[in-house]
$ cat structure18.csv   # CSV, C-alpha atoms
chain,number,residue,atom,x,y,z
V,1,MET,CA,5.7,-1.1,11.7
V,2,THR,CA,8.3,-3.8,11.0
V,3,GLU,CA,10.7,-3.5,8.1
V,4,ASP,CA,8.9,-6.4,6.3
V,5,GLU,CA,5.5,-4.7,6.7
V,6,ASP,CA,7.0,-1.4,5.3
V,7,ILE,CA,8.3,-3.3,2.3
V,8,LEU,CA,4.8,-4.8,1.9
V,9,ALA,CA,3.4,-1.3,1.8
V,10,ALA,CA,5.9,-0.4,-0.9
V,11,GLU,CA,5.1,-3.5,-2.9
V,12,TYR,CA,1.4,-2.6,-2.6
V,13,ALA,CA,2.0,1.1,-3.6
V,14,LEU,CA,4.0,-0.1,-6.7
V,15,GLY,CA,1.5,-2.8,-7.6
V,16,LEU,CA,4.1,-5.6,-7.5
V,17,LEU,CA,1.9,-8.2,-5.9
V,18,ASP,CA,-0.2,-10.8,-7.6
V,19,PRO,CA,-4.0,-10.3,-7.7
V,20,THR,CA,-4.8,-12.5,-4.7
V,21,GLU,CA,-2.1,-10.9,-2.5
V,22,MET,CA,-3.4,-7.5,-3.8
V,23,GLY,CA,-6.9,-8.3,-2.6
V,24,LEU,CA,-5.7,-9.3,0.8
V,25,VAL,CA,-3.5,-6.3,1.3
V,26,THR,CA,-6.4,-4.1,0.0
V,27,ALA,CA,-8.4,-5.4,2.9
V,28,ARG,CA,-5.5,-4.6,5.3
V,29,VAL,CA,-5.2,-1.1,3.9
V,30,ALA,CA,-8.9,-0.5,4.6
V,31,GLU,CA,-8.6,-1.6,8.3
V,32,ASP,CA,-5.1,-0.7,9.4
V,33,ALA,CA,-4.5,3.1,9.6
V,34,ALA,CA,-0.8,2.8,10.4
V,35,PHE,CA,-0.3,0.5,7.4
V,36,ARG,CA,-2.3,2.8,5.2
V,37,ALA,CA,-0.2,5.7,6.2
V,38,ARG,CA,2.9,3.8,5.0
V,39,VAL,CA,1.3,3.0,1.6
V,40,ASP,CA,0.5,6.8,1.3
V,41,TRP,CA,4.1,7.6,2.3
V,42,TRP,CA,5.5,5.4,-0.5
V,43,ARG,CA,3.1,6.8,-3.0
V,44,ASP,CA,4.1,10.3,-2.1
V,45,GLN,CA,7.8,9.5,-2.4
V,46,LEU,CA,7.4,7.7,-5.8
V,47,CYS,CA,5.0,10.2,-7.3
V,48,PRO,CA,7.6,12.8,-8.4
V,49,LEU,CA,8.9,10.2,-10.9
V,50,VAL,CA,6.0,11.1,-13.1
V,51,THR,CA,7.7,14.3,-14.2
V,52,GLU,CA,10.1,12.0,-16.1
V,53,ALA,CA,7.2,11.1,-18.4
V,54,GLU,CA,5.4,14.4,-18.7
V,55,THR,CA,3.8,14.9,-22.1
V,56,SER,CA,1.0,17.2,-23.2
V,57,PRO,CA,-2.1,15.5,-24.5
V,58,SER,CA,-3.8,16.9,-27.6
V,59,ALA,CA,-6.2,19.8,-27.1
V,60,ASP,CA,-9.1,17.6,-28.2
V,61,VAL,CA,-9.0,15.5,-25.0
V,62,TRP,CA,-10.3,18.2,-22.8
V,63,ARG,CA,-13.2,18.9,-25.2
V,64,ARG,CA,-14.1,15.2,-25.1
V,65,ILE,CA,-14.0,15.2,-21.3
V,66,ASP,CA,-16.1,18.3,-21.2
V,67,ARG,CA,-18.7,16.8,-23.5
V,68,ALA,CA,-18.9,13.6,-21.4
V,69,LEU,CA,-19.7,15.5,-18.2
V,70,PRO,CA,-23.3,16.1,-17.1
V,71,GLN,CA,-24.7,19.2,-18.7
V,72,ASN,CA,-24.6,21.5,-15.7
V,73,ASP,CA,-24.2,21.5,-11.9
V,74,ASN,CA,-27.9,21.2,-11.3
V,75,ASN,CA,-28.0,18.0,-13.3
V,76,ARG,CA,-25.2,16.6,-11.2
V,77,ARG,CA,-26.9,17.5,-8.0
V,78,SER,CA,-30.2,15.9,-9.2
V,79,LEU,CA,-28.2,12.8,-10.2
V,80,GLN,CA,-26.8,12.6,-6.7
V,81,ARG,CA,-30.4,12.9,-5.3
V,82,TRP,CA,-31.5,10.2,-7.7
V,83,ARG,CA,-28.7,8.0,-6.6
V,84,ALA,CA,-29.4,8.6,-2.9
V,85,THR,CA,-33.1,7.6,-3.5
V,86,ALA,CA,-32.1,4.6,-5.5
V,87,ILE,CA,-29.7,3.4,-2.8
V,88,SER,CA,-32.2,3.8,0.0
V,89,ALA,CA,-34.7,2.0,-2.1
V,90,MET,CA,-32.2,-0.9,-2.5
V,91,ALA,CA,-31.6,-0.9,1.2
V,92,VAL,CA,-35.3,-1.3,1.9
V,93,ALA,CA,-35.5,-4.1,-0.7
V,94,ALA,CA,-32.5,-5.8,0.8
V,95,SER,CA,-34.0,-5.8,4.3
V,96,LEU,CA,-37.3,-7.1,2.8
V,97,VAL,CA,-35.4,-9.9,1.2
V,98,ALA,CA,-33.8,-10.7,4.5
V,99,VAL,CA,-37.1,-10.8,6.3
V,100,VAL,CA,-39.0,-12.8,3.6
V,101,ILE,CA,-36.5,-15.4,2.6
V,102,LEU,CA,-35.7,-16.9,6.0
V,103,LYS,CA,-35.6,-20.6,5.5
V,104,PRO,CA,-34.4,-23.5,7.7
V,105,LEU,CA,-30.7,-23.9,7.3
V,106,PRO,CA,-29.4,-27.1,5.7
V,107,VAL,CA,-28.0,-29.3,8.5
V,108,THR,CA,-25.5,-31.1,6.3
V,109,PRO,CA,-23.8,-29.2,3.5
V,110,GLN,CA,-24.2,-30.8,0.1
V,111,PRO,CA,-21.1,-31.8,-1.8
V,112,HIS,CA,-21.5,-28.9,-4.3
V,113,VAL,CA,-21.7,-26.4,-1.5
V,114,MET,CA,-18.7,-24.1,-0.8
V,115,LEU,CA,-18.0,-22.8,2.6
V,116,ALA,CA,-16.1,-19.9,4.1
V,117,THR,CA,-15.4,-19.1,7.7
V,118,LEU,CA,-14.9,-15.3,8.0
V,119,GLN,CA,-12.7,-14.0,10.8
V,120,GLY,CA,-11.7,-10.6,11.9
V,121,THR,CA,-9.4,-9.0,14.4
V,122,GLY,CA,-12.2,-7.9,16.7
V,123,GLY,CA,-13.5,-11.5,16.8
V,124,ALA,CA,-16.1,-10.7,14.1
V,125,THR,CA,-17.1,-14.0,12.6
V,126,ALA,CA,-19.6,-15.3,10.1
V,127,THR,CA,-20.0,-18.5,8.1
V,128,VAL,CA,-21.0,-18.1,4.5
V,129,ALA,CA,-22.1,-21.1,2.4
V,130,TYR,CA,-22.7,-20.9,-1.3
V,131,GLU,CA,-24.8,-23.4,-3.2
V,132,ALA,CA,-23.8,-23.2,-6.9
V,133,THR,CA,-26.8,-24.8,-8.5
V,134,SER,CA,-29.3,-22.4,-7.1
V,135,GLY,CA,-26.9,-19.5,-6.7
V,136,GLN,CA,-27.9,-19.0,-3.1
V,137,LEU,CA,-25.9,-17.9,-0.2
V,138,THR,CA,-26.5,-18.9,3.4
V,139,ILE,CA,-25.1,-16.3,5.8
V,140,LEU,CA,-24.8,-17.3,9.4
V,141,PRO,CA,-23.6,-14.1,11.2
V,142,GLY,CA,-21.6,-14.5,14.4
V,143,THR,CA,-20.7,-11.4,16.4
V,144,ILE,CA,-20.2,-8.4,14.2
V,145,ASP,CA,-20.3,-5.0,15.8
V,146,THR,CA,-21.3,-2.7,12.9
V,147,LYS,CA,-21.0,0.4,15.1
V,148,GLY,CA,-24.3,1.7,13.5
V,149,HIS,CA,-23.1,1.1,10.0
V,150,ASP,CA,-24.4,-1.3,7.4
V,151,ALA,CA,-22.4,-4.5,6.8
V,152,GLU,CA,-21.7,-5.2,3.1
V,153,LEU,CA,-20.6,-8.6,1.8
V,154,TRP,CA,-17.9,-8.8,-0.9
V,155,ILE,CA,-16.5,-11.6,-3.1
V,156,ILE,CA,-12.8,-11.1,-4.0
V,157,PRO,CA,-11.9,-13.4,-6.9
V,158,SER,CA,-8.4,-14.1,-8.2
V,159,ASP,CA,-8.2,-10.7,-10.0
V,160,GLY,CA,-8.3,-9.0,-6.5
V,161,THR,CA,-11.2,-6.7,-7.3
V,162,PRO,CA,-14.0,-6.9,-4.7
V,163,ARG,CA,-17.5,-7.3,-6.1
V,164,SER,CA,-20.4,-6.4,-3.9
V,165,LEU,CA,-22.9,-9.0,-2.9
V,166,GLY,CA,-25.0,-6.5,-1.1
V,167,VAL,CA,-25.7,-5.3,2.4
V,168,VAL,CA,-26.2,-8.2,4.8
V,169,ASP,CA,-28.2,-8.7,8.0
V,170,VAL,CA,-25.7,-9.3,10.8
V,171,ASN,CA,-28.3,-10.4,13.4
V,172,HIS,CA,-30.1,-13.2,11.6
V,173,PRO,CA,-29.3,-16.1,9.2
V,174,THR,CA,-30.3,-15.1,5.7
V,175,HIS,CA,-30.4,-16.8,2.3
V,176,PRO,CA,-29.8,-14.1,-0.3
V,177,SER,CA,-29.8,-15.1,-4.0
V,178,VAL,CA,-26.6,-14.0,-5.8
V,179,PRO,CA,-27.3,-11.9,-9.0
V,180,THR,CA,-26.4,-14.0,-12.0
V,181,SER,CA,-23.7,-11.6,-13.1
V,182,ARG,CA,-21.9,-12.1,-9.8
V,183,ARG,CA,-22.1,-15.9,-9.6
V,184,SER,CA,-19.0,-16.7,-11.7
V,185,PHE,CA,-16.8,-14.9,-9.2
V,186,ILE,CA,-17.8,-17.3,-6.4
V,187,GLN,CA,-15.2,-20.1,-6.7
V,188,ALA,CA,-13.0,-22.0,-4.4
V,189,GLY,CA,-9.9,-19.9,-3.6
V,190,ALA,CA,-11.9,-16.6,-3.8
V,191,SER,CA,-12.4,-14.7,-0.5
V,192,PHE,CA,-15.5,-13.2,1.1
V,193,ALA,CA,-15.0,-10.1,3.1
V,194,ILE,CA,-17.4,-7.9,5.1
V,195,SER,CA,-16.8,-4.2,5.3
V,196,LEU,CA,-18.6,-1.5,7.3
V,197,GLU,CA,-20.3,1.0,4.9
V,198,PRO,CA,-22.7,3.9,5.0
V,199,LYS,CA,-26.4,3.1,5.3
V,200,GLY,CA,-27.5,1.4,2.1
V,201,GLY,CA,-24.0,0.1,1.3
V,202,SER,CA,-20.9,1.5,-0.4
V,203,PRO,CA,-21.7,4.4,-2.7
V,204,THR,CA,-18.7,3.7,-4.9
V,205,GLY,CA,-19.1,0.0,-5.8
V,206,LEU,CA,-15.9,-0.8,-3.8
V,207,PRO,CA,-15.4,-1.1,-0.1
V,208,THR,CA,-15.0,2.3,1.5
V,209,GLY,CA,-15.0,1.4,5.2
V,210,PRO,CA,-13.0,-1.0,7.3
V,211,VAL,CA,-13.0,-4.7,6.6
V,212,VAL,CA,-14.2,-6.4,9.8
V,213,SER,CA,-14.2,-10.0,8.6
V,214,SER,CA,-12.8,-12.1,5.8
V,215,GLY,CA,-12.2,-15.7,4.8
V,216,LYS,CA,-11.4,-17.9,1.9
V,217,LEU,CA,-13.9,-20.2,0.2
V,218,THR,CA,-13.2,-23.9,0.2
V,219,THR,CA,-15.2,-26.8,-1.3
V,220,THR,CA,-16.8,-29.1,1.2
T,221,MET,CA,11.2,29.9,-2.8
T,222,THR,CA,10.7,26.5,-4.4
T,223,ALA,CA,8.9,25.4,-1.3
T,224,ASP,CA,6.5,28.4,-1.6
T,225,ILE,CA,5.7,27.6,-5.2
T,226,LYS,CA,5.1,24.0,-4.3
T,227,SER,CA,2.8,24.7,-1.4
T,228,LEU,CA,0.8,27.3,-3.4
T,229,GLU,CA,0.4,24.8,-6.2
T,230,ARG,CA,-0.6,22.2,-3.7
T,231,ALA,CA,-3.1,24.4,-2.0
T,232,ALA,CA,-4.6,25.5,-5.3
T,233,LEU,CA,-5.1,21.8,-6.4
T,234,VAL,CA,-6.7,20.9,-3.0
T,235,LYS,CA,-9.1,23.8,-3.4
T,236,ALA,CA,-9.9,22.9,-7.0
T,237,LEU,CA,-10.6,19.2,-6.1
T,238,GLN,CA,-12.9,20.4,-3.3
T,239,MET,CA,-14.8,22.5,-5.9
T,240,VAL,CA,-14.9,19.5,-8.3
T,241,ALA,CA,-16.5,17.5,-5.5
T,242,ASN,CA,-19.3,20.1,-5.5
T,243,GLY,CA,-19.9,19.7,-9.2
T,244,ASP,CA,-17.9,22.6,-10.5
T,245,ARG,CA,-16.9,21.9,-14.1
T,246,SER,CA,-14.5,24.8,-14.4
T,247,ALA,CA,-12.6,23.6,-11.4
T,248,LEU,CA,-12.2,20.2,-13.2
T,249,GLN,CA,-10.8,22.2,-16.1
T,250,ASP,CA,-8.4,23.9,-13.7
T,251,VAL,CA,-7.3,20.5,-12.3
T,252,TYR,CA,-6.9,19.3,-15.9
T,253,ARG,CA,-4.8,22.3,-16.9
T,254,ARG,CA,-2.5,21.8,-13.9
T,255,THR,CA,-2.1,18.0,-14.1
T,256,SER,CA,-2.9,16.6,-17.5
T,257,ALA,CA,0.7,16.5,-18.8
T,258,LYS,CA,1.7,14.4,-15.7
T,259,LEU,CA,-1.3,12.1,-15.9
T,260,PHE,CA,-1.0,11.7,-19.7
T,261,GLY,CA,2.7,10.7,-19.1
T,262,VAL,CA,1.4,7.9,-16.8
T,263,CYS,CA,-1.1,6.8,-19.4
T,264,LEU,CA,1.4,6.9,-22.2
T,265,ARG,CA,3.9,4.7,-20.4
T,266,ILE,CA,1.2,2.0,-20.1
T,267,PHE,CA,-0.4,2.6,-23.6
T,268,PRO,CA,2.4,3.8,-25.9
T,269,GLU,CA,-0.2,4.3,-28.7
T,270,ARG,CA,-1.3,8.0,-28.3
T,271,GLU,CA,-4.9,7.4,-29.2
T,272,GLU,CA,-5.4,4.7,-26.6
T,273,ALA,CA,-3.5,6.8,-24.0
T,274,GLU,CA,-5.8,9.7,-24.7
T,275,ASP,CA,-8.9,7.6,-24.3
T,276,THR,CA,-7.5,6.4,-21.0
T,277,LEU,CA,-6.8,10.0,-19.9
T,278,GLN,CA,-10.4,10.9,-20.7
T,279,ASP,CA,-11.6,8.1,-18.4
T,280,VAL,CA,-9.1,9.2,-15.7
T,281,TYR,CA,-10.6,12.7,-15.5
T,282,LEU,CA,-14.1,11.4,-15.6
T,283,LEU,CA,-13.1,9.2,-12.6
T,284,ILE,CA,-11.6,12.2,-10.9
T,285,TRP,CA,-14.9,14.1,-11.5
T,286,GLN,CA,-16.8,11.2,-9.7
T,287,LYS,CA,-14.3,10.6,-6.9
T,288,ALA,CA,-13.1,14.1,-6.0
T,289,GLY,CA,-15.2,14.0,-2.8
T,290,GLN,CA,-13.1,11.1,-1.6
T,291,TYR,CA,-9.9,13.0,-1.7
T,292,ASP,CA,-8.5,13.5,1.8
T,293,PRO,CA,-5.8,16.3,2.0
T,294,MET,CA,-4.7,14.9,5.3
T,295,ARG,CA,-3.7,11.6,3.7
T,296,ALA,CA,-1.8,12.4,0.6
T,297,SER,CA,-0.8,15.3,-1.6
T,298,PRO,CA,-3.3,16.0,-4.3
T,299,ILE,CA,-0.9,15.1,-7.1
T,300,THR,CA,-0.2,11.8,-5.5
T,301,TRP,CA,-3.9,11.1,-5.3
T,302,LEU,CA,-4.4,12.0,-8.9
T,303,VAL,CA,-1.4,9.9,-10.1
T,304,THR,CA,-2.7,6.9,-8.1
T,305,ILE,CA,-6.1,7.2,-9.8
T,306,ALA,CA,-4.4,7.5,-13.2
T,307,ARG,CA,-2.1,4.5,-12.6
T,308,ASN,CA,-4.9,2.3,-11.3
T,309,CYS,CA,-7.2,3.3,-14.1
T,310,ALA,CA,-4.6,2.7,-16.8
T,311,ILE,CA,-3.5,-0.6,-15.2
T,312,ASP,CA,-7.0,-1.9,-14.9
T,313,ARG,CA,-7.7,-1.0,-18.5
T,314,MET,CA,-4.6,-2.8,-19.6
T,315,ARG,CA,-5.5,-5.9,-17.6
T,316,ALA,CA,-9.1,-5.9,-18.7
T,317,ARG,CA,-7.8,-6.2,-22.3
T,318,GLY,CA,-5.5,-9.0,-21.3
T,319,LYS,CA,-2.7,-6.8,-22.4
T,320,ARG,CA,0.8,-7.0,-20.8
T,321,VAL,CA,3.8,-5.0,-21.9
T,322,MET,CA,6.5,-7.6,-22.4
T,323,THR,CA,9.5,-5.6,-23.6
T,324,PRO,CA,12.6,-7.3,-22.2
T,325,ILE,CA,13.9,-5.2,-19.3
T,326,GLU,CA,17.2,-4.6,-21.0
T,327,ASP,CA,15.3,-2.9,-23.8
T,328,VAL,CA,13.5,-0.4,-21.5
T,329,PRO,CA,15.1,2.9,-22.3
T,330,GLU,CA,17.3,4.6,-19.7
T,331,LEU,CA,16.1,7.8,-18.2
T,332,ALA,CA,17.0,10.8,-20.4
T,333,ASP,CA,19.0,13.0,-18.1
T,334,GLU,CA,19.4,15.9,-20.5
T,335,ARG,CA,15.8,17.0,-20.7
T,336,GLU,CA,15.3,20.6,-21.4
T,337,ASP,CA,12.6,21.0,-18.7
T,338,ALA,CA,14.5,19.2,-16.0
T,339,LEU,CA,14.9,22.4,-14.1
T,340,THR,CA,11.2,23.3,-14.4
T,341,CYS,CA,10.4,19.9,-12.9
T,342,LEU,CA,12.7,20.5,-10.0
T,343,ILE,CA,11.0,23.8,-9.3
T,344,GLU,CA,7.6,22.2,-9.5
T,345,THR,CA,8.4,19.4,-7.2
T,346,GLU,CA,11.4,19.8,-5.0
T,347,ASN,CA,10.8,16.3,-3.8
T,348,GLU,CA,11.6,14.9,-7.3
T,349,HIS,CA,15.3,15.4,-6.6
T,350,ARG,CA,15.1,13.1,-3.7
T,351,ILE,CA,13.6,10.0,-5.4
T,352,VAL,CA,15.7,10.4,-8.4
T,353,GLU,CA,18.8,10.8,-6.2
T,354,CYS,CA,17.9,7.8,-4.2
T,355,LEU,CA,17.2,5.7,-7.3
T,356,GLY,CA,20.6,6.8,-8.4
T,357,ILE,CA,22.3,4.9,-5.6
T,358,LEU,CA,20.8,1.6,-6.8
T,359,ASP,CA,22.4,-0.7,-9.3
T,360,GLY,CA,21.2,0.2,-12.9
T,361,GLY,CA,19.3,-3.0,-13.3
T,362,ASP,CA,17.4,-2.5,-10.1
T,363,GLN,CA,16.6,1.0,-11.0
T,364,LYS,CA,15.0,-0.2,-14.2
T,365,LEU,CA,13.0,-2.8,-12.4
T,366,ILE,CA,11.5,-0.2,-10.0
T,367,ARG,CA,10.8,2.3,-12.8
T,368,THR,CA,9.1,-0.4,-14.9
T,369,ALA,CA,7.0,-1.4,-11.9
T,370,PHE,CA,6.0,2.2,-11.3
T,371,PHE,CA,5.4,3.3,-14.9
T,372,GLU,CA,4.0,0.1,-16.5
T,373,GLY,CA,2.2,-1.5,-13.5
T,374,ALA,CA,4.4,-4.5,-13.9
T,375,THR,CA,4.0,-7.1,-11.1
T,376,TYR,CA,6.8,-9.3,-9.8
T,377,ALA,CA,5.6,-12.1,-12.2
T,378,ASP,CA,5.7,-9.7,-15.2
T,379,LEU,CA,9.2,-8.4,-14.2
T,380,ALA,CA,10.5,-12.0,-13.8
T,381,THR,CA,9.3,-12.8,-17.3
T,382,ARG,CA,10.7,-9.6,-18.8
T,383,ALA,CA,14.0,-10.0,-17.1
T,384,ALA,CA,14.1,-13.7,-17.9
T,385,ALA,CA,15.0,-14.4,-14.3
T,386,PRO,CA,13.4,-16.7,-11.6
T,387,LEU,CA,10.6,-15.0,-9.7
T,388,GLY,CA,12.4,-15.6,-6.4
T,389,THR,CA,15.5,-13.8,-7.6
T,390,ILE,CA,13.5,-10.8,-8.9
T,391,LYS,CA,11.6,-10.6,-5.6
T,392,SER,CA,14.7,-10.6,-3.4
T,393,ARG,CA,16.4,-8.1,-5.7
T,394,ILE,CA,13.5,-5.7,-5.6
T,395,ARG,CA,13.0,-6.1,-1.8
T,396,ARG,CA,16.7,-5.3,-1.3
T,397,ALA,CA,16.4,-2.3,-3.6
T,398,LEU,CA,13.2,-1.1,-1.7
T,399,LEU,CA,15.1,-1.3,1.6
T,400,LYS,CA,17.9,0.8,0.3
T,401,LEU,CA,15.3,3.3,-1.1
T,402,ARG,CA,13.5,3.4,2.2
T,403,GLU,CA,16.8,4.2,4.0
T,404,CYS,CA,17.7,6.9,1.5
T,405,LEU,CA,14.3,8.6,1.5
T,406,ALA,CA,13.7,8.5,5.2
$ encode --input "structure18.csv" --output "structure tokens"
Amino acid sequence: MTEDEDILAAEYALGLLDPTEMGLVTARVAEDAAFRARVDWWRDQLCPLVTEAETSPSADVWRRIDRALPQNDNNRRSLQRWRATAISAMAVAASLVAVVILKPLPVTPQPHVMLATLQGTGGATATVAYEATSGQLTILPGTIDTKGHDAELWIIPSDGTPRSLGVVDVNHPTHPSVPTSRRSFIQAGASFAISLEPKGGSPTGLPTGPVVSSGKLTTT
Amino acid sequence: MTADIKSLERAALVKALQMVANGDRSALQDVYRRTSAKLFGVCLRIFPEREEAEDTLQDVYLLIWQKAGQYDPMRASPITWLVTIARNCAIDRMRARGKRVMTPIEDVPELADEREDALTCLIETENEHRIVECLGILDGGDQKLIRTAFFEGATYADLATRAAAPLGTIKSRIRRALLKLRECLA
């Protein structure tokens, strides 16, 4: 770890970076264990500062939290079961979409198409095109070793928060349609990233596994 | 002695978080009892209005309830993990509202040294001495910049505006200060 990298870890731990840099370093934290350990070290060192600000909240706050929790443990467990079922159902749906919507790929990208070439340290590559009018992605996977995991595609807009675009097929070209709520995030300058996730995709809504490939969107 | 108290407290928190991950509500109450004053302090520095800070604190513990299973005791101390969740939650909330604290840096209050419970804090976290001592070797202005970044989630750009200084100057000042801290803390 060079001095510069260690300072980058400190900047990340403190949240000094702008949203774009934050997004890129978040991807680095996910894939680089040595770097992640330095971020953790800085957080550990800085953490005791909070005692300077210690203040007791009103008694009412715990009551509000308690009321907002699920009624009992059984409910929580059944909620988890429900979630697991929903997630596997989504995975099945995603694979069906991948099978059904295979179309010939456009030979020449249209002017309103944006492109990103995704690259990773292990040579993992993919090309992703986005056609804004129809809201459709074209994903041309290169060589991505998912090590038995699912590959999930993310869009990281200028605010640095990754938004899931779902689990993607890494063996065949696909044309998934982007949910309307996600379309505004896909703009030139935003980045695509692919992370390895448990079967069915990230359970948290944010990348949980290593980022194997990423790249910036440019207009064609 | 202080190390024993600290490691016991740490072990108790790790255990409580593991129980929270299994859906144990009373374990969450235990985590709350042990940590809410610290996490509320974090929220209050970002949202000085008490009501808003308490709403944020409520969200923070609901997040802890959801995410406890992700806590890895091998990576970070439990309090560091909890503080990171609280900071991120409060900062995200502030940004989602398009809010930015813009108090000029010179108006950020100095640390009150003469706090009654300073001794209690030192017993609770022996480490605290270290970071406070190391911040102490920095120039007063640099100390304020680092404290403001830590407590208010201020980015380089925010700090430059608040210090009415060019971004490049602020960046190199903070980087130099971080290098000194790194040397002192190592």
$ interface_residues --input "structure18.csv" --of "chain V" --to "chain T" --cutoff "9 Å" --atoms "all atoms listed in the file" --output "PDB file with C-alpha atoms, in the coordinates of the input"
ATOM      1  CA  GLU V   3      10.700  -3.500   8.100  1.00  0.00           C
ATOM      2  CA  ASP V   6       7.000  -1.400   5.300  1.00  0.00           C
ATOM      3  CA  ILE V   7       8.300  -3.300   2.300  1.00  0.00           C
ATOM      4  CA  ALA V  10       5.900  -0.400  -0.900  1.00  0.00           C
ATOM      5  CA  GLU V  11       5.100  -3.500  -2.900  1.00  0.00           C
ATOM      6  CA  ALA V  13       2.000   1.100  -3.600  1.00  0.00           C
ATOM      7  CA  LEU V  14       4.000  -0.100  -6.700  1.00  0.00           C
ATOM      8  CA  GLY V  15       1.500  -2.800  -7.600  1.00  0.00           C
ATOM      9  CA  LEU V  16       4.100  -5.600  -7.500  1.00  0.00           C
ATOM     10  CA  LEU V  17       1.900  -8.200  -5.900  1.00  0.00           C
ATOM     11  CA  ASP V  18      -0.200 -10.800  -7.600  1.00  0.00           C
ATOM     12  CA  ALA V  37      -0.200   5.700   6.200  1.00  0.00           C
ATOM     13  CA  ASP V  40       0.500   6.800   1.300  1.00  0.00           C
ATOM     14  CA  TRP V  41       4.100   7.600   2.300  1.00  0.00           C
ATOM     15  CA  TRP V  42       5.500   5.400  -0.500  1.00  0.00           C
ATOM     16  CA  ARG V  43       3.100   6.800  -3.000  1.00  0.00           C
ATOM     17  CA  ASP V  44       4.100  10.300  -2.100  1.00  0.00           C
ATOM     18  CA  GLN V  45       7.800   9.500  -2.400  1.00  0.00           C
ATOM     19  CA  LEU V  46       7.400   7.700  -5.800  1.00  0.00           C
ATOM     20  CA  CYS V  47       5.000  10.200  -7.300  1.00  0.00           C
ATOM     21  CA  PRO V  48       7.600  12.800  -8.400  1.00  0.00           C
ATOM     22  CA  LEU V  49       8.900  10.200 -10.900  1.00  0.00           C
ATOM     23  CA  VAL V  50       6.000  11.100 -13.100  1.00  0.00           C
ATOM     24  CA  THR V  51       7.700  14.300 -14.200  1.00  0.00           C
ATOM     25  CA  GLU V  52      10.100  12.000 -16.100  1.00  0.00           C
ATOM     26  CA  ALA V  53       7.200  11.100 -18.400  1.00  0.00           C
ATOM     27  CA  GLU V  54       5.400  14.400 -18.700  1.00  0.00           C
ATOM     28  CA  THR V  55       3.800  14.900 -22.100  1.00  0.00           C
ATOM     29  CA  SER V  56       1.000  17.200 -23.200  1.00  0.00           C
ATOM     30  CA  PRO V  57      -2.100  15.500 -24.500  1.00  0.00           C
ATOM     31  CA  SER V  58      -3.800  16.900 -27.600  1.00  0.00           C
ATOM     32  CA  VAL V  61      -9.000  15.500 -25.000  1.00  0.00           C
ATOM     33  CA  TRP V  62     -10.300  18.200 -22.800  1.00  0.00           C
ATOM     34  CA  ARG V  64     -14.100  15.200 -25.100  1.00  0.00           C
ATOM     35  CA  ILE V  65     -14.000  15.200 -21.300  1.00  0.00           C
ATOM     36  CA  ASP V  66     -16.100  18.300 -21.200  1.00  0.00           C
ATOM     37  CA  ALA V  68     -18.900  13.600 -21.400  1.00  0.00           C
ATOM     38  CA  LEU V  69     -19.700  15.500 -18.200  1.00  0.00           C
ATOM     39  CA  ASN V  72     -24.600  21.500 -15.700  1.00  0.00           C
ATOM     40  CA  ASP V  73     -24.200  21.500 -11.900  1.00  0.00           C
ATOM     41  CA  ASN V  74     -27.900  21.200 -11.300  1.00  0.00           C
ATOM     42  CA  ARG V  76     -25.200  16.600 -11.200  1.00  0.00           C
ATOM     43  CA  ARG V  77     -26.900  17.500  -8.000  1.00  0.00           C
ATOM     44  CA  THR V 204     -18.700   3.700  -4.900  1.00  0.00           C
TER      45      THR V 204
END
$ residues_around --input "structure18.csv" --residues "range 156-173 of chain V" --least-positions-apart "4" --cutoff "8 Å" --atoms "only C-alpha atoms" --output "MDAnalysis selection string"
chainID V and resid 19:24 91 94:95 98 102 138:144 150:152 178 182 185:187 189:193 200:201 205:207
$ atom_distance --input "structure18.csv" --atom1 "CA of Ala397 in chain T" --atom2 "CA of Pro268 in chain T"
27.0 Å
$ atom_distance --input "structure18.csv" --atom1 "CA of Ile325 in chain T" --atom2 "CA of Ile305 in chain T"
25.4 Å
$ closest_residue --input "structure18.csv" --among "V:Ala59, V:Ala34, V:Met1, V:Leu217" --to "Ala116 in chain V" --atoms "all atoms listed in the file"
V:Leu217
